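Asks: Coordinates in run_16.cif, mmCIF, C-alpha atoms, are listed below.
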data_entry
#
loop_
_atom_site.label_atom_id
_atom_site.label_comp_id
_atom_site.auth_asym_id
_atom_site.auth_seq_id
_atom_site.Cartn_x
_atom_site.Cartn_y
_atom_site.Cartn_z
CA MET E 2 -88.71 6.37 -8.22
CA ASP E 3 -89.02 4.71 -4.84
CA PRO E 4 -88.84 7.50 -2.24
CA VAL E 5 -86.09 7.71 0.37
CA LEU E 6 -85.79 9.84 3.50
CA VAL E 7 -82.78 10.18 5.81
CA VAL E 8 -82.72 12.43 8.90
CA HIS E 9 -80.11 13.26 11.53
CA GLY E 10 -80.28 14.80 14.97
CA GLY E 11 -76.69 15.78 15.60
CA ALA E 12 -73.25 14.17 15.86
CA TRP E 13 -71.54 14.41 19.26
CA ALA E 14 -70.95 12.45 22.47
CA ILE E 15 -74.63 11.90 23.21
CA PRO E 16 -74.85 10.87 26.90
CA ASP E 17 -76.40 7.50 27.75
CA ASP E 18 -79.37 9.14 29.46
CA MET E 19 -80.21 11.10 26.30
CA VAL E 20 -79.91 8.27 23.78
CA GLU E 21 -83.56 7.24 23.85
CA ALA E 22 -84.79 10.81 23.45
CA HIS E 23 -82.52 11.28 20.43
CA ARG E 24 -83.63 8.02 18.86
CA ASN E 25 -87.31 8.81 19.42
CA GLY E 26 -86.83 12.30 18.00
CA VAL E 27 -85.29 11.18 14.72
CA ARG E 28 -87.87 8.40 14.39
CA ASP E 29 -90.68 10.92 14.79
CA ALA E 30 -89.09 13.22 12.23
CA ALA E 31 -88.64 10.37 9.76
CA SER E 32 -92.28 9.35 10.20
CA ALA E 33 -93.46 12.91 9.47
CA GLY E 34 -91.33 13.23 6.35
CA TRP E 35 -92.24 9.76 5.17
CA ARG E 36 -95.97 10.50 5.35
CA VAL E 37 -95.37 13.29 2.84
CA LEU E 38 -93.42 11.06 0.46
CA GLU E 39 -95.80 8.12 0.81
CA ALA E 40 -98.70 10.37 -0.19
CA GLY E 41 -96.83 11.44 -3.33
CA GLY E 42 -95.52 14.72 -1.93
CA THR E 43 -92.30 16.41 -2.88
CA ALA E 44 -88.86 15.88 -1.39
CA LEU E 45 -88.87 19.57 -0.50
CA ASP E 46 -92.06 19.21 1.55
CA ALA E 47 -90.73 16.05 3.19
CA VAL E 48 -87.49 17.55 4.46
CA GLU E 49 -89.33 20.63 5.71
CA GLU E 50 -91.82 18.57 7.71
CA ALA E 51 -89.10 16.31 9.13
CA VAL E 52 -87.02 19.25 10.30
CA VAL E 53 -90.03 21.00 11.86
CA ILE E 54 -90.51 17.96 14.11
CA LEU E 55 -86.89 18.20 15.24
CA GLU E 56 -87.11 21.97 15.77
CA ASN E 57 -90.12 21.39 18.01
CA ASP E 58 -88.31 18.74 20.07
CA GLU E 59 -86.39 20.27 22.99
CA THR E 60 -83.93 17.36 22.84
CA PHE E 61 -82.16 19.00 19.91
CA ASP E 62 -80.20 22.20 19.31
CA ALA E 63 -82.76 23.64 16.89
CA GLY E 64 -85.81 25.77 17.66
CA ARG E 65 -87.06 25.84 21.26
CA GLY E 66 -84.48 24.40 23.64
CA SER E 67 -81.46 25.51 21.60
CA PHE E 68 -78.19 26.60 23.16
CA LEU E 69 -78.07 30.16 24.39
CA ASN E 70 -75.57 32.66 23.03
CA ARG E 71 -73.30 34.79 25.21
CA ASP E 72 -76.15 37.22 25.88
CA GLY E 73 -78.54 34.48 26.97
CA LYS E 74 -80.62 34.50 23.77
CA VAL E 75 -81.56 31.84 21.25
CA GLN E 76 -80.35 32.67 17.73
CA LEU E 77 -81.38 30.25 15.00
CA ASP E 78 -80.13 29.45 11.49
CA ALA E 79 -81.64 27.23 8.77
CA LEU E 80 -81.39 26.42 5.06
CA ILE E 81 -83.57 24.41 2.68
CA MET E 82 -82.66 23.60 -0.93
CA ASP E 83 -84.46 22.07 -3.91
CA GLY E 84 -82.30 19.81 -6.07
CA ALA E 85 -84.58 20.12 -9.11
CA THR E 86 -84.28 23.89 -9.48
CA LEU E 87 -81.31 24.78 -7.24
CA ARG E 88 -83.57 27.25 -5.49
CA ALA E 89 -82.70 27.71 -1.82
CA GLY E 90 -83.86 29.71 1.18
CA GLY E 91 -81.86 30.50 4.28
CA VAL E 92 -82.20 32.47 7.49
CA GLY E 93 -79.53 33.41 10.01
CA CYS E 94 -79.48 34.82 13.54
CA VAL E 95 -83.25 34.91 13.91
CA GLU E 96 -84.55 35.33 17.45
CA ARG E 97 -88.34 35.37 17.04
CA ILE E 98 -89.09 32.46 14.70
CA ALA E 99 -89.85 29.13 16.37
CA ASN E 100 -89.42 27.12 13.14
CA PRO E 101 -86.72 28.76 11.04
CA VAL E 102 -87.00 26.07 8.37
CA ARG E 103 -90.54 27.35 7.69
CA ALA E 104 -89.17 30.84 7.08
CA ALA E 105 -86.40 29.41 4.90
CA ARG E 106 -89.02 27.60 2.81
CA LYS E 107 -90.97 30.84 2.34
CA ILE E 108 -87.80 32.51 1.07
CA LEU E 109 -87.19 29.67 -1.38
CA SER E 110 -90.77 29.75 -2.65
CA GLU E 111 -91.65 33.45 -2.55
CA SER E 112 -88.48 35.54 -2.78
CA PRO E 113 -85.94 36.20 -5.54
CA HIS E 114 -83.31 36.21 -2.78
CA VAL E 115 -81.66 33.21 -1.13
CA TYR E 116 -80.82 34.55 2.29
CA PHE E 117 -82.20 36.85 5.00
CA VAL E 118 -80.71 37.50 8.44
CA ALA E 119 -81.78 38.83 11.83
CA GLU E 120 -84.56 41.46 11.81
CA GLY E 121 -84.83 41.39 8.02
CA ALA E 122 -85.55 37.66 8.11
CA GLU E 123 -88.14 38.12 10.84
CA ARG E 124 -89.83 40.92 8.91
CA PHE E 125 -89.95 38.78 5.75
CA ALA E 126 -91.40 35.87 7.73
CA ALA E 127 -94.11 38.01 9.31
CA GLU E 128 -95.02 39.52 5.95
CA HIS E 129 -95.47 36.01 4.57
CA GLY E 130 -97.76 34.63 7.24
CA ILE E 131 -95.32 33.18 9.77
CA ALA E 132 -96.20 34.18 13.33
CA LEU E 133 -93.36 35.65 15.36
CA CYS E 134 -92.74 34.68 18.97
CA HIS E 135 -90.86 36.22 21.87
CA ASN E 136 -87.28 35.03 22.26
CA GLU E 137 -88.16 33.99 25.80
CA ASP E 138 -90.57 31.43 24.31
CA LEU E 139 -87.56 29.59 22.84
CA VAL E 140 -85.53 29.55 26.06
CA ILE E 141 -85.85 26.62 28.48
CA PRO E 142 -84.50 26.26 32.05
CA ARG E 143 -82.05 23.50 31.08
CA GLU E 144 -80.20 25.86 28.76
CA VAL E 145 -80.30 28.80 31.19
CA GLU E 146 -78.56 26.61 33.74
CA ARG E 147 -76.10 25.24 31.18
CA LEU E 148 -75.05 28.75 30.16
CA ARG E 149 -74.88 29.97 33.77
CA GLU E 150 -72.67 27.05 34.77
CA PHE E 151 -70.36 27.54 31.80
CA GLN E 152 -69.95 31.28 32.25
CA ALA E 153 -69.26 30.85 35.98
CA ARG E 154 -66.14 28.78 35.36
CA PRO E 155 -62.70 30.42 35.44
CA GLU E 156 -61.33 30.97 31.94
CA ASP E 157 -58.70 28.27 32.34
CA GLN E 158 -61.37 25.71 33.28
CA LYS E 159 -63.81 26.32 30.46
CA ALA E 160 -64.25 23.38 28.12
CA ASP E 161 -63.58 23.64 24.42
CA LEU E 162 -67.05 24.45 23.11
CA PHE E 163 -66.25 22.77 19.82
CA ALA E 164 -65.24 19.47 21.43
CA PRO E 165 -67.48 16.47 20.66
CA ALA E 166 -68.44 16.26 24.35
CA ILE E 167 -70.35 19.53 23.96
CA SER E 168 -73.65 19.07 22.15
CA HIS E 169 -73.83 19.61 18.39
CA ASP E 170 -77.48 18.72 17.94
CA THR E 171 -77.87 20.46 14.59
CA VAL E 172 -80.70 18.69 12.76
CA GLY E 173 -81.29 17.91 9.12
CA ALA E 174 -82.95 15.80 6.46
CA VAL E 175 -82.45 14.70 2.85
CA ALA E 176 -85.13 13.14 0.66
CA LEU E 177 -85.86 11.65 -2.76
CA ASP E 178 -89.45 11.75 -4.03
CA ARG E 179 -91.37 9.68 -6.58
CA ALA E 180 -90.65 12.22 -9.31
CA GLY E 181 -86.90 11.65 -8.87
CA ASN E 182 -86.16 15.00 -7.22
CA ILE E 183 -83.99 15.42 -4.14
CA ALA E 184 -83.92 18.09 -1.43
CA ALA E 185 -82.09 18.92 1.79
CA ALA E 186 -82.70 20.99 4.91
CA THR E 187 -80.56 21.83 7.95
CA SER E 188 -81.46 23.79 11.10
CA THR E 189 -79.54 24.75 14.24
CA GLY E 190 -79.29 26.90 17.32
CA GLY E 191 -75.52 27.01 16.99
CA THR E 192 -72.99 26.71 19.78
CA LEU E 193 -73.28 27.31 23.52
CA ASN E 194 -72.09 30.80 24.56
CA LYS E 195 -71.49 31.81 20.93
CA ALA E 196 -70.89 35.47 20.17
CA PRO E 197 -74.13 37.22 19.15
CA GLY E 198 -74.34 37.27 15.36
CA ARG E 199 -72.13 34.21 14.85
CA LEU E 200 -73.17 32.03 11.90
CA GLY E 201 -72.16 28.42 11.57
CA ASP E 202 -72.21 26.17 8.54
CA SER E 203 -75.79 24.94 8.80
CA SER E 204 -77.53 27.74 6.95
CA LEU E 205 -74.79 28.47 4.42
CA ILE E 206 -75.45 27.02 0.99
CA GLY E 207 -72.88 24.36 0.10
CA CYS E 208 -71.43 24.24 3.61
CA GLY E 209 -73.88 22.53 5.96
CA CYS E 210 -76.59 21.95 3.36
CA TYR E 211 -76.84 21.41 -0.39
CA ALA E 212 -79.02 19.69 -3.00
CA ASP E 213 -78.69 19.18 -6.76
CA ASN E 214 -80.45 16.47 -8.75
CA LEU E 215 -77.28 16.08 -10.82
CA SER E 216 -75.18 15.20 -7.79
CA ALA E 217 -76.55 14.75 -4.27
CA ALA E 218 -78.40 16.17 -1.28
CA ALA E 219 -76.37 16.65 1.91
CA SER E 220 -76.99 17.79 5.47
CA ILE E 221 -74.09 18.13 7.90
CA THR E 222 -73.75 18.50 11.66
CA GLY E 223 -70.73 19.28 13.82
CA TRP E 224 -68.13 21.97 14.32
CA GLY E 225 -69.16 24.63 11.83
CA GLU E 226 -65.99 26.61 11.22
CA PRO E 227 -63.96 23.77 9.62
CA ILE E 228 -67.03 22.62 7.68
CA MET E 229 -67.40 26.12 6.21
CA LYS E 230 -63.74 26.29 5.21
CA LEU E 231 -64.10 23.14 3.13
CA VAL E 232 -67.58 24.00 1.76
CA LEU E 233 -68.14 20.40 2.71
CA ALA E 234 -71.68 19.73 1.47
CA LYS E 235 -70.78 20.91 -2.05
CA TRP E 236 -67.44 19.08 -1.79
CA ALA E 237 -69.35 15.85 -1.17
CA ALA E 238 -71.96 16.49 -3.86
CA ASP E 239 -69.24 17.08 -6.46
CA ARG E 240 -67.66 13.73 -5.66
CA VAL E 241 -70.98 11.97 -6.09
CA ALA E 242 -71.36 13.72 -9.44
CA SER E 243 -67.98 12.35 -10.48
CA GLY E 244 -69.24 8.81 -9.94
CA SER E 245 -68.51 7.90 -6.33
CA LEU E 246 -71.14 6.23 -4.16
CA PRO E 247 -72.69 8.39 -1.41
CA GLU E 248 -71.73 5.79 1.19
CA TRP E 249 -68.07 6.18 0.30
CA VAL E 250 -68.22 9.94 -0.11
CA ALA E 251 -69.82 10.56 3.29
CA ALA E 252 -66.92 8.73 4.93
CA GLU E 253 -64.37 10.45 2.71
CA ALA E 254 -65.79 13.88 3.53
CA ILE E 255 -65.77 13.44 7.30
CA ASN E 256 -62.32 11.86 7.21
CA ALA E 257 -61.07 14.82 5.15
CA LEU E 258 -62.64 17.21 7.65
CA GLU E 259 -60.66 15.55 10.41
CA SER E 260 -57.36 15.10 8.60
CA ARG E 261 -57.26 18.56 7.04
CA LEU E 262 -58.65 20.72 9.85
CA LYS E 263 -59.04 18.42 12.88
CA GLY E 264 -62.79 18.92 12.53
CA HIS E 265 -65.51 16.60 13.69
CA GLY E 266 -69.13 15.99 12.80
CA GLY E 267 -71.42 13.85 10.71
CA MET E 268 -73.09 13.78 7.31
CA ILE E 269 -76.13 12.31 5.60
CA LEU E 270 -75.81 12.13 1.81
CA LEU E 271 -78.35 10.98 -0.81
CA ASP E 272 -78.26 10.83 -4.59
CA ALA E 273 -81.08 10.86 -7.13
CA ALA E 274 -80.81 7.07 -7.55
CA GLY E 275 -81.78 6.61 -3.90
CA ARG E 276 -78.33 5.58 -2.69
CA PHE E 277 -77.32 7.13 0.62
CA GLY E 278 -74.48 7.38 3.09
CA ILE E 279 -74.36 8.14 6.83
CA PHE E 280 -71.05 8.78 8.55
CA HIS E 281 -69.63 10.53 11.61
CA ASN E 282 -66.34 10.73 13.52
CA THR E 283 -67.92 11.63 16.85
CA PRO E 284 -68.81 9.03 19.50
CA ARG E 285 -72.47 9.05 18.49
CA MET E 286 -74.86 10.46 15.88
CA ALA E 287 -78.66 10.21 15.86
CA TRP E 288 -80.09 9.11 12.50
CA ALA E 289 -83.13 7.47 10.90
CA VAL E 290 -83.91 6.09 7.44
CA ARG E 291 -87.21 5.34 5.69
CA THR E 292 -87.67 3.61 2.34
CA ASN E 293 -90.28 1.24 0.93
CA ARG E 294 -88.14 -1.64 2.15
CA GLN E 295 -86.46 -0.22 5.25
CA GLU E 296 -87.31 1.56 8.47
CA SER E 297 -84.30 1.92 10.72
CA SER E 298 -82.70 4.28 13.19
CA GLY E 299 -79.74 4.40 15.49
CA ILE E 300 -77.17 6.37 17.44
CA GLU E 301 -74.06 4.95 15.81
CA ARG E 302 -73.42 4.38 12.12
CA ASN E 303 -70.14 3.92 10.21
CA ARG E 304 -68.20 5.83 12.86
CA ALA E 305 -64.51 6.33 12.18
CA ALA E 306 -62.22 4.43 14.51
#
For the file at hand, write its structure as structure tokens.

Replies:
Amino acid sequence: MDPVLVVHGGAWAIPDDMVEAHRNGVRDAASAGWRVLEAGGTALDAVEEAVVILENDETFDAGRGSFLNRDGKVQLDALIMDGATLRAGGVGCVERIANPVRAARKILSESPHVYFVAEGAERFAAEHGIALCHNEDLVIPREVERLREFQARPEDQKADLFAPAISHDTVGAVALDRAGNIAAATSTGGTLNKAPGRLGDSSLIGCGCYADNLSAAASITGWGEPIMKLVLAKWAADRVASGSLPEWVAAEAINALESRLKGHGGMILLDAAGRFGIFHNTPRMAWAVRTNRQESSGIERNRAA
């Protein structure tokens, strides 16, 4: 098979002055994942490496630089899934892991379980060679000021945190390798001022992330609660399995999210034949694609009117 890699860096109203940083970030992530695939590596390794780049980039709401919760802490969630075996690893509400996708990969590879949260996830990570950090290491001044400004507003003047104008920089990647296997990974810092312990869709299997060689690999970004209610990644994969093209299904899924629950976000979707779809109903979405014949990236793609 000819390998394919698609990455995203969040679907929201990316401001003009942040467009270049978003485009550069997804390009860098695509380059890292593509190096794995080009060398004959697995789709699973490729999506992990792509997402690590995005977690390390303070532009995005994943890893260092993520939104702060109501208590002023970073809490991170991630999931990675192997389409060949249906093995998956997820972490939720971790506060001392700089690259949660690395911990998720360790769970997939070295645990009979699928999911660890909070202190249990951190303990598992440490026991399997992942260095823990201080939560303060993940906090940056930009986000301290953003939280301070938001919390200082009167209740009747606080913006809707789930509106597209508020950042949803959840990151993710889907890949197809030379062996014909697909994989997906999604990572996020969640929503500004979220209640401590809140989980979104990103790390929940079948919601914000899913992969099955018999259907498709999906990574989703956006308002998590409606995405969870529709189990949207699995919803999309099932439609690909029934014979629909990923390009059509990505649009159908995001349109259904909006029509059914007034939700918003974006999706990247890839099948085991190398066909892919990218769609969002927000003003902008950062994305990048690498194949043997194509290297492209952008901030808008197939946006709903």

Asks: Between E:Ala219, E:Cys210, E:Ala238, E:Leu231, single out the one closest to E:Ala176, counting only C-alpha atoms.

Replies: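 With only C-alpha atoms as the atom set, the closest residue is E:Ala219.
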
Asks: What's the 12 Å shell around stretch 148-158 of chain E, counting only C-alpha atoms, without same-chain residues fewer than 3 positions away, as a list of chain:residue names?

Replies: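 Listed by chain and then number, they are E:Ser67, E:Phe68, E:Leu69, E:Asn70, E:Arg71, E:Asp72, E:Gly73, E:Lys74, E:Val75, E:Val140, E:Ile141, E:Pro142, E:Arg143, E:Glu144, E:Val145, E:Asp161, E:Leu162, E:Ile167, E:Thr192, E:Leu193, E:Asn194, E:Lys195.
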
Asks: For the residues in that selection, give me C-alpha atoms as a CSV table (one decimal), in the coordinates of the input.

Replies:
chain,number,residue,atom,x,y,z
E,67,SER,CA,-81.5,25.5,21.6
E,68,PHE,CA,-78.2,26.6,23.2
E,69,LEU,CA,-78.1,30.2,24.4
E,70,ASN,CA,-75.6,32.7,23.0
E,71,ARG,CA,-73.3,34.8,25.2
E,72,ASP,CA,-76.2,37.2,25.9
E,73,GLY,CA,-78.5,34.5,27.0
E,74,LYS,CA,-80.6,34.5,23.8
E,75,VAL,CA,-81.6,31.8,21.2
E,140,VAL,CA,-85.5,29.6,26.1
E,141,ILE,CA,-85.8,26.6,28.5
E,142,PRO,CA,-84.5,26.3,32.0
E,143,ARG,CA,-82.0,23.5,31.1
E,144,GLU,CA,-80.2,25.9,28.8
E,145,VAL,CA,-80.3,28.8,31.2
E,161,ASP,CA,-63.6,23.6,24.4
E,162,LEU,CA,-67.0,24.4,23.1
E,167,ILE,CA,-70.4,19.5,24.0
E,192,THR,CA,-73.0,26.7,19.8
E,193,LEU,CA,-73.3,27.3,23.5
E,194,ASN,CA,-72.1,30.8,24.6
E,195,LYS,CA,-71.5,31.8,20.9

Asks: Could you pull the residues within 12 Å of E:Ala257, counting all atoms listed in the file, minus those fewer than 6 positions along the same chain, as a list in words?

Replies: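 With the cut-off at 12 Å, the set is Pro227, Ile228, Lys230, Leu231, Val232, Leu233, Trp236, Ala237, Val250, Ala251, Lys263, Gly264, His265, Gly266, Gly267, His281, Asn282 and Ala305 of chain E.
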
Asks: Exactly which residues make up the result of the PyMOL selection byres ((chain E and resi 124) around 12) on this file, given as number ranges by chain?

Replies: E: 92, 95-98, 104, 108, 117-123, 125-133

Asks: List, as a PyMOL selection string, every residue that the PyMOL selection byres ((chain E and resi 49) around 8) selects in the file provided.

Replies: chain E and resi 34+45-48+50-53+81+102-103+106+186

Asks: Under the PyMOL selection byres ((chain E and resi 279) around 12), which residues of this model are included? Write them out as a PyMOL selection string.

Replies: chain E and resi 7-9+11-12+174-175+219-222+246-255+266-271+276-278+280-282+285-290+298-305

Asks: Just checking: using all atoms listed in the file, which residue out of E:Thr187, E:Asn293, E:Ser204, E:Thr86 ends up closest to E:Val172?

Replies: E:Thr187

Asks: Tell me which of E:Asp3, E:Gly190, E:Ser260, E:Ala33 sits closest to E:Ala273, counting only C-alpha atoms.

Replies: E:Asp3

Asks: Just give me the gap between atom CA of E:Glu56 and atom CA of E:Thr43 in Å, one decimal is fine.

Replies: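 Going from atom CA of E:Glu56 over to atom CA of E:Thr43 covers 20.1 Å.
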
Asks: Just give me the gap between atom CA of E:Ser203 and atom CA of E:Asp138 in Å, one decimal is fine.

Replies: 22.4 Å

Asks: Would you mind putting N, CA, C and O atoms back on stretch 245-266 of chain E and writing the result as a JSON list (two decimals), in the frame of the given file?

Replies:
[["chain", "number", "residue", "atom", "x", "y", "z"],
["E", 245, "SER", "N", -68.71, 8.63, -7.58],
["E", 245, "SER", "CA", -68.51, 7.90, -6.33],
["E", 245, "SER", "C", -69.84, 7.65, -5.63],
["E", 245, "SER", "O", -70.77, 8.47, -5.73],
["E", 246, "LEU", "N", -69.92, 6.55, -4.89],
["E", 246, "LEU", "CA", -71.14, 6.23, -4.16],
["E", 246, "LEU", "C", -71.28, 7.11, -2.92],
["E", 246, "LEU", "O", -70.29, 7.40, -2.24],
["E", 247, "PRO", "N", -72.49, 7.56, -2.59],
["E", 247, "PRO", "CA", -72.69, 8.39, -1.41],
["E", 247, "PRO", "C", -72.14, 7.76, -0.12],
["E", 247, "PRO", "O", -71.64, 8.48, 0.75],
["E", 248, "GLU", "N", -72.24, 6.45, 0.00],
["E", 248, "GLU", "CA", -71.73, 5.79, 1.19],
["E", 248, "GLU", "C", -70.24, 6.02, 1.35],
["E", 248, "GLU", "O", -69.73, 6.27, 2.45],
["E", 249, "TRP", "N", -69.51, 5.95, 0.24],
["E", 249, "TRP", "CA", -68.07, 6.18, 0.30],
["E", 249, "TRP", "C", -67.76, 7.66, 0.51],
["E", 249, "TRP", "O", -66.87, 8.01, 1.27],
["E", 250, "VAL", "N", -68.52, 8.51, -0.16],
["E", 250, "VAL", "CA", -68.22, 9.94, -0.11],
["E", 250, "VAL", "C", -68.48, 10.51, 1.28],
["E", 250, "VAL", "O", -67.73, 11.37, 1.75],
["E", 251, "ALA", "N", -69.55, 10.07, 1.94],
["E", 251, "ALA", "CA", -69.82, 10.56, 3.29],
["E", 251, "ALA", "C", -68.64, 10.28, 4.21],
["E", 251, "ALA", "O", -68.20, 11.14, 4.98],
["E", 252, "ALA", "N", -68.09, 9.08, 4.12],
["E", 252, "ALA", "CA", -66.92, 8.73, 4.93],
["E", 252, "ALA", "C", -65.71, 9.54, 4.50],
["E", 252, "ALA", "O", -64.95, 10.05, 5.36],
["E", 253, "GLU", "N", -65.51, 9.69, 3.21],
["E", 253, "GLU", "CA", -64.37, 10.45, 2.71],
["E", 253, "GLU", "C", -64.44, 11.90, 3.17],
["E", 253, "GLU", "O", -63.43, 12.49, 3.58],
["E", 254, "ALA", "N", -65.63, 12.48, 3.15],
["E", 254, "ALA", "CA", -65.79, 13.88, 3.53],
["E", 254, "ALA", "C", -65.47, 14.10, 5.00],
["E", 254, "ALA", "O", -64.74, 15.05, 5.36],
["E", 255, "ILE", "N", -66.01, 13.26, 5.86],
["E", 255, "ILE", "CA", -65.77, 13.44, 7.30],
["E", 255, "ILE", "C", -64.32, 13.12, 7.65],
["E", 255, "ILE", "O", -63.72, 13.79, 8.50],
["E", 256, "ASN", "N", -63.74, 12.14, 6.99],
["E", 256, "ASN", "CA", -62.32, 11.86, 7.21],
["E", 256, "ASN", "C", -61.44, 13.03, 6.74],
["E", 256, "ASN", "O", -60.45, 13.37, 7.39],
["E", 257, "ALA", "N", -61.82, 13.65, 5.62],
["E", 257, "ALA", "CA", -61.07, 14.82, 5.15],
["E", 257, "ALA", "C", -61.22, 15.99, 6.11],
["E", 257, "ALA", "O", -60.27, 16.75, 6.35],
["E", 258, "LEU", "N", -62.41, 16.17, 6.66],
["E", 258, "LEU", "CA", -62.64, 17.21, 7.65],
["E", 258, "LEU", "C", -61.71, 17.05, 8.84],
["E", 258, "LEU", "O", -61.13, 18.03, 9.34],
["E", 259, "GLU", "N", -61.52, 15.82, 9.27],
["E", 259, "GLU", "CA", -60.66, 15.55, 10.41],
["E", 259, "GLU", "C", -59.18, 15.68, 10.06],
["E", 259, "GLU", "O", -58.40, 16.31, 10.78],
["E", 260, "SER", "N", -58.78, 15.11, 8.94],
["E", 260, "SER", "CA", -57.36, 15.10, 8.60],
["E", 260, "SER", "C", -56.85, 16.48, 8.19],
["E", 260, "SER", "O", -55.71, 16.85, 8.49],
["E", 261, "ARG", "N", -57.70, 17.25, 7.53],
["E", 261, "ARG", "CA", -57.26, 18.56, 7.04],
["E", 261, "ARG", "C", -57.33, 19.64, 8.12],
["E", 261, "ARG", "O", -56.43, 20.46, 8.25],
["E", 262, "LEU", "N", -58.41, 19.61, 8.92],
["E", 262, "LEU", "CA", -58.65, 20.72, 9.85],
["E", 262, "LEU", "C", -58.94, 20.28, 11.28],
["E", 262, "LEU", "O", -59.36, 21.08, 12.11],
["E", 263, "LYS", "N", -58.74, 18.97, 11.55],
["E", 263, "LYS", "CA", -59.04, 18.42, 12.88],
["E", 263, "LYS", "C", -60.49, 18.68, 13.28],
["E", 263, "LYS", "O", -60.81, 18.84, 14.46],
["E", 264, "GLY", "N", -61.37, 18.70, 12.28],
["E", 264, "GLY", "CA", -62.79, 18.92, 12.53],
["E", 264, "GLY", "C", -63.51, 17.63, 12.84],
["E", 264, "GLY", "O", -63.01, 16.53, 12.61],
["E", 265, "HIS", "N", -64.70, 17.78, 13.39],
["E", 265, "HIS", "CA", -65.51, 16.60, 13.69],
["E", 265, "HIS", "C", -66.98, 16.91, 13.38],
["E", 265, "HIS", "O", -67.41, 18.06, 13.37],
["E", 266, "GLY", "N", -67.71, 15.84, 13.11],
["E", 266, "GLY", "CA", -69.13, 15.99, 12.80],
["E", 266, "GLY", "C", -69.67, 14.76, 12.12],
["E", 266, "GLY", "O", -69.10, 13.67, 12.21]]
